[in-house]
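File shown: protein_30.csv. Contents: CSV, N, CA and C atoms and all ligand atoms.
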chain,number,residue,atom,x,y,z
U,1,MET,N,-92.8,-31.4,-48.7
U,1,MET,CA,-93.3,-30.6,-49.8
U,1,MET,C,-94.3,-31.4,-50.6
U,2,GLY,N,-95.4,-30.8,-51.0
U,2,GLY,CA,-96.5,-31.4,-51.8
U,2,GLY,C,-95.9,-32.1,-53.0
U,3,GLU,N,-95.8,-31.4,-54.1
U,3,GLU,CA,-95.2,-32.0,-55.3
U,3,GLU,C,-94.3,-31.0,-55.9
U,4,ALA,N,-93.0,-31.4,-56.2
U,4,ALA,CA,-92.0,-30.5,-56.7
U,4,ALA,C,-92.4,-29.6,-57.8
U,5,THR,N,-93.1,-30.2,-58.8
U,5,THR,CA,-93.5,-29.4,-59.9
U,5,THR,C,-95.0,-29.0,-59.9
U,6,GLY,N,-95.6,-29.1,-58.7
U,6,GLY,CA,-97.0,-28.8,-58.6
U,6,GLY,C,-97.4,-27.4,-59.1
U,7,PHE,N,-96.5,-26.4,-58.8
U,7,PHE,CA,-96.8,-25.0,-59.2
U,7,PHE,C,-96.8,-24.9,-60.7
U,8,LEU,N,-96.2,-25.8,-61.4
U,8,LEU,CA,-96.2,-25.7,-62.9
U,8,LEU,C,-97.4,-26.5,-63.4
U,9,LYS,N,-97.7,-27.5,-62.7
U,9,LYS,CA,-98.8,-28.4,-63.2
U,9,LYS,C,-100.2,-27.8,-63.0
U,10,TRP,N,-100.4,-27.1,-61.8
U,10,TRP,CA,-101.7,-26.6,-61.5
U,10,TRP,C,-101.7,-25.1,-61.4
U,11,ASP,N,-102.6,-24.5,-62.0
U,11,ASP,CA,-102.7,-23.0,-61.9
U,11,ASP,C,-103.2,-22.6,-60.5
U,12,ARG,N,-102.9,-21.4,-60.1
U,12,ARG,CA,-103.4,-20.9,-58.8
U,12,ARG,C,-105.0,-20.7,-58.9
U,13,GLU,N,-105.6,-21.1,-57.9
U,13,GLU,CA,-107.0,-21.1,-57.8
U,13,GLU,C,-107.5,-20.7,-56.4
U,14,THR,N,-108.4,-19.8,-56.4
U,14,THR,CA,-108.9,-19.4,-55.0
U,14,THR,C,-110.4,-19.7,-55.0
U,15,PRO,N,-111.0,-19.8,-53.8
U,15,PRO,CA,-112.4,-20.0,-53.7
U,15,PRO,C,-113.1,-18.8,-54.1
U,16,THR,N,-114.3,-18.9,-54.7
U,16,THR,CA,-115.1,-17.8,-55.1
U,16,THR,C,-115.7,-17.1,-53.8
U,17,ARG,N,-116.0,-15.9,-53.9
U,17,ARG,CA,-116.6,-15.1,-52.8
U,17,ARG,C,-118.1,-15.0,-52.9
U,18,ARG,N,-118.8,-15.2,-51.9
U,18,ARG,CA,-120.2,-15.0,-51.9
U,18,ARG,C,-120.5,-13.5,-52.2
U,19,ALA,N,-121.6,-13.2,-52.9
U,19,ALA,CA,-121.9,-11.8,-53.2
U,19,ALA,C,-122.1,-11.0,-52.0
U,20,VAL,N,-121.7,-9.8,-52.0
U,20,VAL,CA,-121.9,-8.9,-50.8
U,20,VAL,C,-123.3,-8.8,-50.3
U,21,PRO,N,-124.3,-8.6,-51.2
U,21,PRO,CA,-125.7,-8.4,-50.7
U,21,PRO,C,-126.1,-9.7,-50.0
U,22,VAL,N,-125.6,-10.9,-50.4
U,22,VAL,CA,-126.0,-12.1,-49.8
U,22,VAL,C,-125.3,-12.2,-48.4
U,23,ARG,N,-124.0,-11.8,-48.4
U,23,ARG,CA,-123.2,-11.9,-47.1
U,23,ARG,C,-123.8,-11.0,-46.1
U,24,LEU,N,-124.4,-9.9,-46.5
U,24,LEU,CA,-124.9,-8.9,-45.5
U,24,LEU,C,-126.1,-9.5,-44.7
U,25,LYS,N,-126.6,-10.6,-45.2
U,25,LYS,CA,-127.8,-11.2,-44.6
U,25,LYS,C,-127.5,-12.3,-43.5
U,26,ASP,N,-126.2,-12.6,-43.4
U,26,ASP,CA,-125.8,-13.7,-42.5
U,26,ASP,C,-124.4,-13.5,-42.0
U,27,TRP,N,-124.0,-14.4,-41.1
U,27,TRP,CA,-122.6,-14.3,-40.6
U,27,TRP,C,-121.8,-15.5,-41.1
U,28,LYS,N,-122.2,-16.1,-42.2
U,28,LYS,CA,-121.5,-17.2,-42.7
U,28,LYS,C,-120.2,-16.8,-43.4
U,29,GLU,N,-119.4,-17.8,-43.9
U,29,GLU,CA,-118.1,-17.6,-44.4
U,29,GLU,C,-118.2,-16.7,-45.7
U,30,VAL,N,-117.2,-15.9,-45.9
U,30,VAL,CA,-117.1,-15.0,-47.1
U,30,VAL,C,-117.0,-15.9,-48.4
U,31,TYR,N,-116.3,-17.0,-48.3
U,31,TYR,CA,-116.0,-17.8,-49.4
U,31,TYR,C,-117.0,-18.9,-49.6
U,32,ASP,N,-117.2,-19.3,-50.8
U,32,ASP,CA,-118.0,-20.5,-51.1
U,32,ASP,C,-117.2,-21.7,-50.7
U,33,ASP,N,-117.8,-22.9,-50.6
U,33,ASP,CA,-117.1,-24.1,-50.3
U,33,ASP,C,-116.1,-24.3,-51.4
U,34,PHE,N,-115.0,-24.9,-51.1
U,34,PHE,CA,-113.9,-25.2,-52.0
U,34,PHE,C,-113.7,-26.7,-52.0
U,35,PRO,N,-113.9,-27.4,-53.2
U,35,PRO,CA,-113.9,-28.9,-53.2
U,35,PRO,C,-112.6,-29.4,-52.7
U,36,GLU,N,-112.6,-30.6,-52.0
U,36,GLU,CA,-111.4,-31.1,-51.4
U,36,GLU,C,-110.3,-31.4,-52.4
U,37,ASP,N,-110.7,-31.9,-53.6
U,37,ASP,CA,-109.6,-32.2,-54.6
U,37,ASP,C,-108.9,-30.9,-55.0
U,38,HIS,N,-109.7,-29.7,-55.0
U,38,HIS,CA,-109.0,-28.5,-55.4
U,38,HIS,C,-108.1,-28.0,-54.2
U,39,LEU,N,-108.6,-28.3,-53.0
U,39,LEU,CA,-107.7,-27.9,-51.8
U,39,LEU,C,-106.4,-28.7,-51.9
U,40,ARG,N,-106.5,-29.9,-52.3
U,40,ARG,CA,-105.3,-30.8,-52.3
U,40,ARG,C,-104.3,-30.3,-53.4
U,41,THR,N,-104.8,-30.0,-54.6
U,41,THR,CA,-103.9,-29.5,-55.6
U,41,THR,C,-103.3,-28.2,-55.3
U,42,GLN,N,-104.1,-27.3,-54.7
U,42,GLN,CA,-103.5,-26.0,-54.3
U,42,GLN,C,-102.5,-26.2,-53.2
U,43,ALA,N,-102.7,-27.0,-52.3
U,43,ALA,CA,-101.6,-27.3,-51.3
U,43,ALA,C,-100.4,-27.9,-52.0
U,44,GLY,N,-100.6,-28.7,-53.0
U,44,GLY,CA,-99.5,-29.3,-53.7
U,44,GLY,C,-98.7,-28.3,-54.5
U,45,ARG,N,-99.1,-27.1,-54.7
U,45,ARG,CA,-98.4,-26.1,-55.4
U,45,ARG,C,-97.3,-25.5,-54.6
U,46,CYS,N,-97.3,-25.7,-53.2
U,46,CYS,CA,-96.3,-25.2,-52.4
U,46,CYS,C,-94.9,-25.7,-52.7
U,47,MET,N,-93.9,-24.8,-52.9
U,47,MET,CA,-92.6,-25.2,-53.3
U,47,MET,C,-91.7,-25.5,-52.1
U,48,ASP,N,-92.2,-25.2,-50.9
U,48,ASP,CA,-91.4,-25.3,-49.7
U,48,ASP,C,-90.1,-24.5,-49.9
U,49,CYS,N,-90.3,-23.3,-50.4
U,49,CYS,CA,-89.2,-22.5,-50.8
U,49,CYS,C,-88.2,-22.3,-49.6
U,50,GLY,N,-87.0,-22.0,-49.9
U,50,GLY,CA,-85.9,-21.9,-49.0
U,50,GLY,C,-86.2,-21.0,-47.8
U,51,ILE,N,-86.7,-19.9,-48.0
U,51,ILE,CA,-87.0,-18.9,-47.0
U,51,ILE,C,-88.5,-18.6,-47.1
U,52,PRO,N,-89.3,-19.5,-46.5
U,52,PRO,CA,-90.7,-19.3,-46.7
U,52,PRO,C,-91.3,-18.1,-46.0
U,53,PHE,N,-91.6,-17.1,-46.8
U,53,PHE,CA,-92.1,-15.8,-46.3
U,53,PHE,C,-93.5,-16.0,-45.7
U,54,CYS,N,-94.1,-17.1,-46.1
U,54,CYS,CA,-95.5,-17.4,-45.5
U,54,CYS,C,-95.4,-17.6,-44.0
U,55,ASN,N,-94.3,-18.2,-43.5
U,55,ASN,CA,-94.2,-18.4,-42.1
U,55,ASN,C,-94.1,-17.1,-41.3
U,56,ASN,N,-93.3,-16.2,-41.9
U,56,ASN,CA,-93.1,-14.9,-41.2
U,56,ASN,C,-94.3,-14.0,-41.4
U,57,GLY,N,-95.0,-14.2,-42.6
U,57,GLY,CA,-96.1,-13.4,-42.9
U,57,GLY,C,-97.4,-13.8,-42.1
U,58,CYS,N,-97.4,-15.0,-41.6
U,58,CYS,CA,-98.6,-15.4,-40.9
U,58,CYS,C,-98.5,-14.9,-39.4
U,59,PRO,N,-99.5,-14.1,-39.0
U,59,PRO,CA,-99.4,-13.5,-37.7
U,59,PRO,C,-99.5,-14.5,-36.6
U,60,LEU,N,-100.0,-15.7,-36.9
U,60,LEU,CA,-100.2,-16.7,-35.9
U,60,LEU,C,-99.0,-17.7,-35.8
U,61,GLY,N,-98.0,-17.5,-36.7
U,61,GLY,CA,-96.9,-18.3,-36.7
U,61,GLY,C,-97.2,-19.8,-37.2
U,62,ASN,N,-98.2,-19.9,-38.0
U,62,ASN,CA,-98.5,-21.2,-38.5
U,62,ASN,C,-97.4,-21.7,-39.5
U,63,LEU,N,-97.1,-23.0,-39.4
U,63,LEU,CA,-96.1,-23.6,-40.2
U,63,LEU,C,-96.7,-24.0,-41.6
U,64,ILE,N,-96.9,-23.1,-42.4
U,64,ILE,CA,-97.7,-23.3,-43.6
U,64,ILE,C,-97.2,-24.3,-44.6
U,65,PRO,N,-95.9,-24.4,-44.8
U,65,PRO,CA,-95.4,-25.5,-45.8
U,65,PRO,C,-95.7,-26.9,-45.2
U,66,ASP,N,-95.6,-27.1,-43.9
U,66,ASP,CA,-95.9,-28.4,-43.3
U,66,ASP,C,-97.4,-28.7,-43.5
U,67,TRP,N,-98.2,-27.7,-43.2
U,67,TRP,CA,-99.6,-27.8,-43.3
U,67,TRP,C,-100.0,-28.1,-44.7
U,68,ASN,N,-99.4,-27.4,-45.7
U,68,ASN,CA,-99.7,-27.7,-47.1
U,68,ASN,C,-99.4,-29.2,-47.5
U,69,ASP,N,-98.3,-29.6,-47.0
U,69,ASP,CA,-97.9,-31.0,-47.3
U,69,ASP,C,-98.9,-32.0,-46.7
U,70,PHE,N,-99.3,-31.8,-45.5
U,70,PHE,CA,-100.3,-32.7,-44.9
U,70,PHE,C,-101.6,-32.7,-45.7
U,71,VAL,N,-102.1,-31.5,-46.1
U,71,VAL,CA,-103.3,-31.4,-46.8
U,71,VAL,C,-103.2,-32.1,-48.2
U,72,TYR,N,-102.0,-31.9,-48.8
U,72,TYR,CA,-101.8,-32.6,-50.1
U,72,TYR,C,-101.9,-34.1,-50.0
U,73,ARG,N,-101.3,-34.6,-48.9
U,73,ARG,CA,-101.2,-36.1,-48.7
U,73,ARG,C,-102.5,-36.6,-48.0
U,74,GLU,N,-103.4,-35.7,-47.8
U,74,GLU,CA,-104.7,-36.1,-47.1
U,74,GLU,C,-104.5,-36.6,-45.7
U,75,HIS,N,-103.5,-36.1,-45.0
U,75,HIS,CA,-103.2,-36.4,-43.6
U,75,HIS,C,-103.9,-35.3,-42.8
U,76,TRP,N,-105.2,-35.4,-42.8
U,76,TRP,CA,-106.0,-34.3,-42.2
U,76,TRP,C,-105.8,-34.2,-40.7
U,77,ARG,N,-105.7,-35.3,-40.0
U,77,ARG,CA,-105.5,-35.2,-38.6
U,77,ARG,C,-104.2,-34.5,-38.3
U,78,ASP,N,-103.1,-34.8,-39.0
U,78,ASP,CA,-101.8,-34.2,-38.8
U,78,ASP,C,-101.9,-32.7,-39.1
U,79,ALA,N,-102.7,-32.4,-40.2
U,79,ALA,CA,-102.9,-31.0,-40.6
U,79,ALA,C,-103.5,-30.1,-39.5
U,80,ILE,N,-104.6,-30.6,-38.9
U,80,ILE,CA,-105.3,-29.9,-37.9
U,80,ILE,C,-104.4,-29.8,-36.6
U,81,ASP,N,-103.7,-30.9,-36.3
U,81,ASP,CA,-102.8,-30.9,-35.1
U,81,ASP,C,-101.7,-29.8,-35.3
U,82,ARG,N,-101.2,-29.7,-36.5
U,82,ARG,CA,-100.1,-28.7,-36.8
U,82,ARG,C,-100.7,-27.3,-36.6
U,83,LEU,N,-101.9,-27.1,-37.1
U,83,LEU,CA,-102.5,-25.8,-36.9
U,83,LEU,C,-102.7,-25.5,-35.4
U,84,HIS,N,-103.2,-26.5,-34.7
U,84,HIS,CA,-103.5,-26.2,-33.2
U,84,HIS,C,-102.2,-26.1,-32.5
U,85,ALA,N,-101.1,-26.6,-33.0
U,85,ALA,CA,-99.8,-26.5,-32.3
U,85,ALA,C,-99.4,-25.0,-32.3
U,86,ALA,N,-99.7,-24.2,-33.3
U,86,ALA,CA,-99.3,-22.8,-33.4
U,86,ALA,C,-100.4,-21.9,-32.7
U,87,ASN,N,-101.6,-22.3,-32.8
U,87,ASN,CA,-102.7,-21.5,-32.4
U,87,ASN,C,-104.0,-22.3,-32.1
U,88,ARG,N,-104.4,-22.2,-30.9
U,88,ARG,CA,-105.6,-23.0,-30.6
U,88,ARG,C,-106.9,-22.5,-31.2
U,89,PRO,N,-107.2,-21.2,-31.2
U,89,PRO,CA,-108.5,-20.8,-31.7
U,89,PRO,C,-108.4,-20.6,-33.2
U,90,VAL,N,-108.1,-21.6,-33.9
U,90,VAL,CA,-107.9,-21.5,-35.4
U,90,VAL,C,-109.1,-21.0,-36.1
U,91,CYS,N,-110.2,-21.5,-35.8
U,91,CYS,CA,-111.4,-21.1,-36.5
U,91,CYS,C,-111.6,-19.6,-36.6
U,92,SER,N,-111.6,-18.9,-35.4
U,92,SER,CA,-111.9,-17.5,-35.4
U,92,SER,C,-110.7,-16.7,-35.9
U,93,ALA,N,-109.5,-17.2,-35.7
U,93,ALA,CA,-108.3,-16.4,-36.1
U,93,ALA,C,-108.2,-16.5,-37.7
U,94,SER,N,-108.5,-17.7,-38.2
U,94,SER,CA,-108.3,-17.8,-39.7
U,94,SER,C,-109.4,-17.0,-40.4
U,95,THR,N,-110.5,-16.8,-39.7
U,95,THR,CA,-111.6,-16.0,-40.4
U,95,THR,C,-111.2,-14.5,-40.3
U,96,ALA,N,-110.6,-14.1,-39.2
U,96,ALA,CA,-110.1,-12.7,-39.1
U,96,ALA,C,-109.0,-12.4,-40.1
U,97,THR,N,-108.1,-13.4,-40.3
U,97,THR,CA,-106.9,-13.2,-41.1
U,97,THR,C,-106.9,-14.3,-42.2
U,98,PRO,N,-107.7,-14.2,-43.2
U,98,PRO,CA,-107.8,-15.4,-44.1
U,98,PRO,C,-106.5,-15.5,-45.0
U,101,LIG,S1,-94.1,-19.0,-49.5
U,101,LIG,FE1,-94.8,-20.7,-48.2
U,101,LIG,S2,-96.6,-21.5,-49.2
U,101,LIG,FE2,-95.5,-20.3,-50.7
U,101,LIG,S3,-94.2,-21.7,-51.8
U,101,LIG,FE3,-93.0,-20.9,-50.1
U,101,LIG,S4,-93.2,-22.3,-48.4
U,101,LIG,FE4,-94.9,-22.7,-49.9
In C-alpha cells, what does this structure look like?
Amino acid sequence: MGEATGFLKWDRETPTRRAVPVRLKDWKEVYDDFPEDHLRTQAGRCMDCGIPFCNNGCPLGNLIPDWNDFVYREHWRDAIDRLHAANRPVCSASTATP
C-alpha cells in the first residue's frame, strides 16, 4: 500500500483533458501530460481496501493496488511488469478503457 493516510493527505486529482476541437485534429491522448510527482501522490492515495472493487471493475484484471504501490515507490519496472502480467497490449487497452 502506498501510504496509509495518503487519501487524507492528498486530494483527488485527475489529468486535465485536451479541448475537443483540438482533439478532433489528431489521434493523440485525450488527457494532458500528468507530472510524475502527481502520479506518485495519486497512487499513494490507494488504501488497498479489504475488498478492492478496482480489481473486479477492471475488465483486464489488472492488480491495481499492487500497481499503485509500485508507482508510489517509483518501482517503474515492477509496475509495467505487473501490468503486462495481466494484459500484454496495455497501451491500446488502457486507452480504450481509461
Ligand atoms: S478500490 Fe482499489 S485503488 Fe481504490 S483504494 Fe481500494 S484498492 Fe486502492
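Taking CA of Arg77 in chain U as the reference point, atom S2 of ligand LIG 101 (chain U) is found at 19.5 Å.
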Inset, instruction - Dump the neighbourhood of ligand LIG 101 (chain U) as a ChimeraX atom specification: all residues within 6.5 Å, distances computed on only N, CA and C atoms and all ligand atoms. - result: /U:45-55,64-65
Inset, instruction - Tell me which protein, DNA and RNA residues are within 10 Å of Thr16 in chain U, counting only C-alpha atoms, leaving out same-chain ones fewer than 4 positions away, and put them as a PyMOL selection string. - result: chain U and resi 30-34
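Relative to CA of Arg12 in chain U, CA of Asp78 in chain U is found at 24.1 Å.
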Inset, instruction - Using only C-alpha atoms, find all polymer residues with an atom at most 7 Å away from the point (-110.9, -25.1, -55.2); report them as number ranges by chain. - result: U: 13-15, 34-35, 38-39
Export of the given selection (N, CA and C atoms) as an mmCIF file, in the coordinates of the input:
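Below is the file that was written, out-v9.cif:
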data_model
loop_
_atom_site.group_PDB
_atom_site.id
_atom_site.type_symbol
_atom_site.label_atom_id
_atom_site.label_comp_id
_atom_site.auth_asym_id
_atom_site.auth_seq_id
_atom_site.Cartn_x
_atom_site.Cartn_y
_atom_site.Cartn_z
ATOM 1 N N GLU U 13 -105.600 -21.100 -57.900
ATOM 2 C CA GLU U 13 -107.000 -21.100 -57.800
ATOM 3 C C GLU U 13 -107.500 -20.700 -56.400
ATOM 4 N N THR U 14 -108.400 -19.800 -56.400
ATOM 5 C CA THR U 14 -108.900 -19.400 -55.000
ATOM 6 C C THR U 14 -110.400 -19.700 -55.000
ATOM 7 N N PRO U 15 -111.000 -19.800 -53.800
ATOM 8 C CA PRO U 15 -112.400 -20.000 -53.700
ATOM 9 C C PRO U 15 -113.100 -18.800 -54.100
ATOM 10 N N PHE U 34 -115.000 -24.900 -51.100
ATOM 11 C CA PHE U 34 -113.900 -25.200 -52.000
ATOM 12 C C PHE U 34 -113.700 -26.700 -52.000
ATOM 13 N N PRO U 35 -113.900 -27.400 -53.200
ATOM 14 C CA PRO U 35 -113.900 -28.900 -53.200
ATOM 15 C C PRO U 35 -112.600 -29.400 -52.700
ATOM 16 N N HIS U 38 -109.700 -29.700 -55.000
ATOM 17 C CA HIS U 38 -109.000 -28.500 -55.400
ATOM 18 C C HIS U 38 -108.100 -28.000 -54.200
ATOM 19 N N LEU U 39 -108.600 -28.300 -53.000
ATOM 20 C CA LEU U 39 -107.700 -27.900 -51.800
ATOM 21 C C LEU U 39 -106.400 -28.700 -51.900
#
Legend entry - Picked from range 1-66 of chain U by DSSP as alpha helix (DSSP H), as a count of residues only: 25
Inset, instruction - Rounded to one decimal place, report the atom N of Ile80 in chain U-CA of Trp67 in chain U distance in Å. - result: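 Spanning atom N of Ile80 in chain U to CA of Trp67 in chain U is a straight-line distance of 7.2 Å.
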Legend entry - From U:Cys58, U:Val71, U:Ala4, U:Ala79, residue lying nearest Gln42 in chain U [only N, CA and C atoms]: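 Looking at the shortest contact to Gln42 in chain U, the residue is U:Val71.
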Legend entry - Among listed residues U:Thr41, U:Tyr72, U:Glu29, U:Leu60, nearest Gly6 in chain U (using all atoms listed in the file): U:Thr41
Legend entry - Proximity to Phe70 in chain U - best of U:Ala85, U:Leu24, U:Met1, U:Ala19, only C-alpha atoms: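 Closest candidate: U:Met1.
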Pull range 18-29 of chain U out of the block and emit N, CA and C atoms, as an mmCIF file, in the first residue's frame.
data_model
loop_
_atom_site.group_PDB
_atom_site.id
_atom_site.type_symbol
_atom_site.label_atom_id
_atom_site.label_comp_id
_atom_site.auth_asym_id
_atom_site.auth_seq_id
_atom_site.Cartn_x
_atom_site.Cartn_y
_atom_site.Cartn_z
ATOM 1 N N ARG U 18 -7.664 17.465 -22.945
ATOM 2 C CA ARG U 18 -7.447 18.399 -24.052
ATOM 3 C C ARG U 18 -8.807 18.802 -24.612
ATOM 4 N N ALA U 19 -8.919 20.020 -25.083
ATOM 5 C CA ALA U 19 -10.192 20.513 -25.607
ATOM 6 C C ALA U 19 -10.635 19.674 -26.815
ATOM 7 N N VAL U 20 -11.923 19.435 -26.922
ATOM 8 C CA VAL U 20 -12.451 18.600 -28.013
ATOM 9 C C VAL U 20 -12.053 19.133 -29.399
ATOM 10 N N PRO U 21 -12.183 20.442 -29.663
ATOM 11 C CA PRO U 21 -11.789 20.919 -31.008
ATOM 12 C C PRO U 21 -10.328 20.610 -31.340
ATOM 13 N N VAL U 22 -9.488 20.582 -30.315
ATOM 14 C CA VAL U 22 -8.069 20.249 -30.529
ATOM 15 C C VAL U 22 -7.929 18.750 -30.766
ATOM 16 N N ARG U 23 -8.643 17.966 -29.974
ATOM 17 C CA ARG U 23 -8.549 16.504 -30.096
ATOM 18 C C ARG U 23 -9.065 16.003 -31.428
ATOM 19 N N LEU U 24 -10.003 16.729 -32.016
ATOM 20 C CA LEU U 24 -10.549 16.298 -33.303
ATOM 21 C C LEU U 24 -9.529 16.376 -34.435
ATOM 22 N N LYS U 25 -8.437 17.077 -34.181
ATOM 23 C CA LYS U 25 -7.434 17.267 -35.228
ATOM 24 C C LYS U 25 -6.313 16.226 -35.206
ATOM 25 N N ASP U 26 -6.329 15.366 -34.185
ATOM 26 C CA ASP U 26 -5.257 14.365 -34.120
ATOM 27 C C ASP U 26 -5.761 13.106 -33.404
ATOM 28 N N TRP U 27 -4.842 12.140 -33.268
ATOM 29 C CA TRP U 27 -5.167 10.889 -32.593
ATOM 30 C C TRP U 27 -4.355 10.753 -31.319
ATOM 31 N N LYS U 28 -3.980 11.875 -30.755
ATOM 32 C CA LYS U 28 -3.172 11.819 -29.529
ATOM 33 C C LYS U 28 -4.060 11.554 -28.319
ATOM 34 N N GLU U 29 -3.442 11.456 -27.157
ATOM 35 C CA GLU U 29 -4.170 11.129 -25.932
ATOM 36 C C GLU U 29 -5.234 12.176 -25.600
#
